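Undergrad: Dropping the structure in here first, questions after.
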Amino acid sequence: MDRSPSPPTRRVLDVLTLLADAHEPLPVAAVADRLGLARATVTAILAELDAAGWAQRDAERRYRLGPAPAALLGGPAPEGPPKAAVADALATLVARTGAGATLSRVDSDGLTVLAVRHGPNRDITGVPLGHRIPVRYPAGAAVLPWRPEAELRRWLAGAPDAARSGAAALPALVRERGVAVFGPRPEDADTVELLADLLTALGPQMLEPRLRTRTLRSLSELTARPYTADDLDSPDPLPLSYLAAPVFDEGVATHEVQLGPLRSAATRAERDEYVAATTAAAQQISAAIAS
């Protein structure tokens with residue numbers, strides 16, 4: 001008889017413990033057999049853990065422990081920059097801009113959030129510590145322009161048809177200015193700010209999982225339009241969602257610093273300040289790696 005006061009919680013803990021003790025990634029069937037659980041139950045648990053960064057699925061649909069536990073407990077991230085340098089750079093960035101910021105590692109399999117620093121007025125919505133997303137255009141825009149040509153071409157090929165022409169110019173713009181800047185369409189700007197405010201007030205975890213997923217996906221889709229050089233140089237106020245700048249390790253772009261103002265309108269001077277602050281934080285972390 002299961003005497004746990006919360007059997008569902010115990011099942012999650014058992015799965016995490018098994019992944020932590022395993023010497024190699026495990027398929028769903030192996031986890032289910034070793035713990036005596038139904039495969040459907042294990043599949044659901046692992047899917048939720050993977051989405052939150054506590055587990056990580058590989059190309060063969062096997063699972064290992066994800067990056068969230070180590071990051072949460074203060075352990076060093078694999079091949080990551082010094083944690084003290086990251087904390088200092090993000091704290092300075094948030095204090096300078098008033099917006100939340102993150103550091104993510106970008107590899108061929110995905111983008112993983114390694115550090116989160118919330119802003120004083122609004123949380124970074126939808127990107128908890130350890131959160132992992134596939135590197136598909138435009139995710140990873142601050143890093144991909146410095147990757148091998150074949151990898152860059154594959155990334156650009158994933159752009160939606162409507163964005164294909166603008167996508168081709170994005171790598172050169174990022175290499176020239178050292179930052180990628182994103183904003184919603186003007187007609188969506190107020191909706192983006194409202195969704196962000198609601199998520200901050202409620203907390204994403206307070207929403208029912210399917211509603212949370214739909215809300216965060218909608219917010220991501222609305223905010224992921226890269227700005228062009230003409231946009232950035234415009235004297236007119238523009239809606240602004242995110243900025244991302246690359247972090248380098250021995251000349252290789254490995255991570256990106258992301259700032260999330262989520263503003264329905266930002267002046268040219270405000271945009272320039274956000275760009276300067278974001279690139280300065282990325283350069284500070286790159287310098288810490290080099291030293």
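Residue numbers start at 1 in each chain; chains themselves are named A, B, ... in the order of the structure tokens; ligands are numbered from 1 in the order shown.
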Apply DSSP to the structure's backbone, then extract all residues of region 115-181 of chain A labelled alpha helix (DSSP H) and return them as a PyMOL selection string.
TA: chain A and resi 149-157+164-167+170-177
Undergrad: May I have the residues within 12 Å of Asp161 (chain A) as an NGL selection string, using only C-alpha atoms and disregarding those fewer than 6 positions away in the same chain?
TA: :A and (137 or 167-168)
Undergrad: Which residues are near Glu176 (chain A)? Cut-off 12 Å, only C-alpha atoms, ignore same chain within fewer than 4 positions. Put them as JSON, numbers by chain.
TA: {"A": [142, 145, 146, 169, 170, 171, 172, 180, 228, 229, 245]}
Undergrad: Write the residues you've just listed into a file as a PDB file, in the first residue's frame, and include N, CA, C and O atoms for each of them.
TA:
ATOM      1  N   ALA A 142      20.917  35.596 -31.714  1.00  0.00           N
ATOM      2  CA  ALA A 142      22.149  36.282 -31.325  1.00  0.00           C
ATOM      3  C   ALA A 142      23.379  35.409 -31.509  1.00  0.00           C
ATOM      4  O   ALA A 142      24.497  35.924 -31.579  1.00  0.00           O
ATOM      5  N   PRO A 145      24.378  33.571 -36.134  1.00  0.00           N
ATOM      6  CA  PRO A 145      25.184  34.226 -37.157  1.00  0.00           C
ATOM      7  C   PRO A 145      26.680  33.922 -37.066  1.00  0.00           C
ATOM      8  O   PRO A 145      27.413  34.119 -38.042  1.00  0.00           O
ATOM      9  N   TRP A 146      27.148  33.428 -35.929  1.00  0.00           N
ATOM     10  CA  TRP A 146      28.572  33.085 -35.770  1.00  0.00           C
ATOM     11  C   TRP A 146      28.820  31.582 -35.863  1.00  0.00           C
ATOM     12  O   TRP A 146      29.946  31.139 -35.681  1.00  0.00           O
ATOM     13  N   ALA A 169      18.506  38.608 -44.167  1.00  0.00           N
ATOM     14  CA  ALA A 169      19.311  39.774 -43.792  1.00  0.00           C
ATOM     15  C   ALA A 169      19.633  39.824 -42.311  1.00  0.00           C
ATOM     16  O   ALA A 169      20.482  40.616 -41.884  1.00  0.00           O
ATOM     17  N   LEU A 170      18.992  38.984 -41.498  1.00  0.00           N
ATOM     18  CA  LEU A 170      19.165  39.063 -40.049  1.00  0.00           C
ATOM     19  C   LEU A 170      20.586  38.736 -39.582  1.00  0.00           C
ATOM     20  O   LEU A 170      21.133  39.458 -38.740  1.00  0.00           O
ATOM     21  N   PRO A 171      21.230  37.669 -40.081  1.00  0.00           N
ATOM     22  CA  PRO A 171      22.585  37.366 -39.588  1.00  0.00           C
ATOM     23  C   PRO A 171      23.570  38.510 -39.777  1.00  0.00           C
ATOM     24  O   PRO A 171      24.352  38.819 -38.862  1.00  0.00           O
ATOM     25  N   ALA A 172      23.540  39.165 -40.943  1.00  0.00           N
ATOM     26  CA  ALA A 172      24.463  40.281 -41.183  1.00  0.00           C
ATOM     27  C   ALA A 172      24.176  41.438 -40.239  1.00  0.00           C
ATOM     28  O   ALA A 172      25.105  42.092 -39.731  1.00  0.00           O
ATOM     29  N   ALA A 180      20.338  41.213 -31.526  1.00  0.00           N
ATOM     30  CA  ALA A 180      19.087  40.994 -32.255  1.00  0.00           C
ATOM     31  C   ALA A 180      17.975  41.644 -31.443  1.00  0.00           C
ATOM     32  O   ALA A 180      17.935  41.505 -30.221  1.00  0.00           O
ATOM     33  N   THR A 228      14.427  45.089 -38.505  1.00  0.00           N
ATOM     34  CA  THR A 228      15.439  45.343 -39.521  1.00  0.00           C
ATOM     35  C   THR A 228      16.258  46.566 -39.131  1.00  0.00           C
ATOM     36  O   THR A 228      15.946  47.278 -38.166  1.00  0.00           O
ATOM     37  N   ALA A 229      17.305  46.853 -39.921  1.00  0.00           N
ATOM     38  CA  ALA A 229      18.114  48.043 -39.667  1.00  0.00           C
ATOM     39  C   ALA A 229      17.275  49.309 -39.799  1.00  0.00           C
ATOM     40  O   ALA A 229      17.413  50.245 -38.996  1.00  0.00           O
ATOM     41  N   ALA A 245      21.921  39.337 -27.120  1.00  0.00           N
ATOM     42  CA  ALA A 245      23.298  39.616 -27.514  1.00  0.00           C
ATOM     43  C   ALA A 245      24.151  38.387 -27.236  1.00  0.00           C
ATOM     44  O   ALA A 245      23.935  37.682 -26.245  1.00  0.00           O
TER      45      ALA A 245
END
Undergrad: List as a PDB file with N, CA and C atoms, in the first residue's frame the protein and nucleic acid residues near region 15-23 of chain A, meaning an atom at most 9 Å away when only C-alpha atoms are counted, but skip any in the same chain fewer than 4 places from it.
TA:
ATOM      1  N   ARG A  10       5.183  11.724  -5.101  1.00  0.00           N
ATOM      2  CA  ARG A  10       6.168  10.665  -4.893  1.00  0.00           C
ATOM      3  C   ARG A  10       6.608  10.061  -6.225  1.00  0.00           C
ATOM      4  N   ARG A  11       5.665   9.895  -7.161  1.00  0.00           N
ATOM      5  CA  ARG A  11       6.029   9.324  -8.464  1.00  0.00           C
ATOM      6  C   ARG A  11       6.995  10.247  -9.208  1.00  0.00           C
ATOM      7  N   VAL A  31      12.200   3.398 -17.550  1.00  0.00           N
ATOM      8  CA  VAL A  31      11.789   4.111 -16.344  1.00  0.00           C
ATOM      9  C   VAL A  31      10.534   3.465 -15.762  1.00  0.00           C
ATOM     10  N   ALA A  32       9.574   3.176 -16.627  1.00  0.00           N
ATOM     11  CA  ALA A  32       8.324   2.574 -16.167  1.00  0.00           C
ATOM     12  C   ALA A  32       8.569   1.208 -15.534  1.00  0.00           C
ATOM     13  N   ARG A  34      11.388  -0.040 -14.181  1.00  0.00           N
ATOM     14  CA  ARG A  34      12.178   0.000 -12.945  1.00  0.00           C
ATOM     15  C   ARG A  34      11.362   0.532 -11.768  1.00  0.00           C
ATOM     16  N   LEU A  35      10.395   1.406 -12.045  1.00  0.00           N
ATOM     17  CA  LEU A  35       9.607   1.998 -10.966  1.00  0.00           C
ATOM     18  C   LEU A  35       8.251   1.332 -10.789  1.00  0.00           C
ATOM     19  N   VAL A  42       4.403   7.589 -16.812  1.00  0.00           N
ATOM     20  CA  VAL A  42       5.798   8.009 -16.941  1.00  0.00           C
ATOM     21  C   VAL A  42       5.970   8.969 -18.109  1.00  0.00           C
ATOM     22  N   ILE A  45       4.780  12.371 -16.955  1.00  0.00           N
ATOM     23  CA  ILE A  45       5.715  12.971 -15.995  1.00  0.00           C
ATOM     24  C   ILE A  45       6.956  13.485 -16.702  1.00  0.00           C
ATOM     25  N   LEU A  46       7.536  12.664 -17.574  1.00  0.00           N
ATOM     26  CA  LEU A  46       8.759  13.059 -18.258  1.00  0.00           C
ATOM     27  C   LEU A  46       8.523  14.233 -19.208  1.00  0.00           C
ATOM     28  N   LEU A  49       8.477  17.282 -16.966  1.00  0.00           N
ATOM     29  CA  LEU A  49       9.832  17.564 -16.476  1.00  0.00           C
ATOM     30  C   LEU A  49      10.717  18.117 -17.583  1.00  0.00           C
ATOM     31  N   TRP A  54      13.802  19.993 -15.982  1.00  0.00           N
ATOM     32  CA  TRP A  54      14.252  19.046 -14.959  1.00  0.00           C
ATOM     33  C   TRP A  54      14.655  17.707 -15.572  1.00  0.00           C
ATOM     34  N   ALA A  55      14.187  17.434 -16.760  1.00  0.00           N
ATOM     35  CA  ALA A  55      14.626  16.276 -17.532  1.00  0.00           C
ATOM     36  C   ALA A  55      14.948  16.766 -18.941  1.00  0.00           C
ATOM     37  N   TYR A  63      15.760   9.812 -21.840  1.00  0.00           N
ATOM     38  CA  TYR A  63      15.774  10.950 -20.923  1.00  0.00           C
ATOM     39  C   TYR A  63      16.955  10.875 -19.958  1.00  0.00           C
ATOM     40  N   ARG A  64      17.502  12.052 -19.684  1.00  0.00           N
ATOM     41  CA  ARG A  64      18.508  12.222 -18.637  1.00  0.00           C
ATOM     42  C   ARG A  64      18.080  13.391 -17.753  1.00  0.00           C
ATOM     43  N   LEU A  65      18.754  13.590 -16.644  1.00  0.00           N
ATOM     44  CA  LEU A  65      18.463  14.729 -15.794  1.00  0.00           C
ATOM     45  C   LEU A  65      18.754  16.013 -16.552  1.00  0.00           C
TER      46      LEU A  65
END
Undergrad: Once DSSP has gone over the backbone, tell me which residues of region 137-282 of chain A are in strand (DSSP E or B), as a PyMOL selection string.
TA: chain A and resi 180-182+226+238-240+242-249+252-260+263-266
Undergrad: With distances taken over only C-alpha atoms, which of A:Leu37, A:Val28, A:Arg263, A:Ala288 is nearest to Asp14 (chain A)?
TA: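 The answer is A:Leu37, which sits nearest to Asp14 (chain A).
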Undergrad: Could you state the separation of CA of Ala29 (chain A) and CA of Arg61 (chain A) in Å, given to one decimal place?
TA: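 Between CA of Ala29 (chain A) and CA of Arg61 (chain A) the gap is 10.6 Å.
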Undergrad: Do you know which residues are at most 7 Å from region 280-282 of chain A counting only C-alpha atoms, after dropping those on the same chain fewer than 4 positions away, and could you put them as a list in words?
TA: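 My reading of the contact set: Ala89, Leu90, Leu93, Ala245, Pro246, Val247, Val257, Ala276 and Ser286 of chain A.
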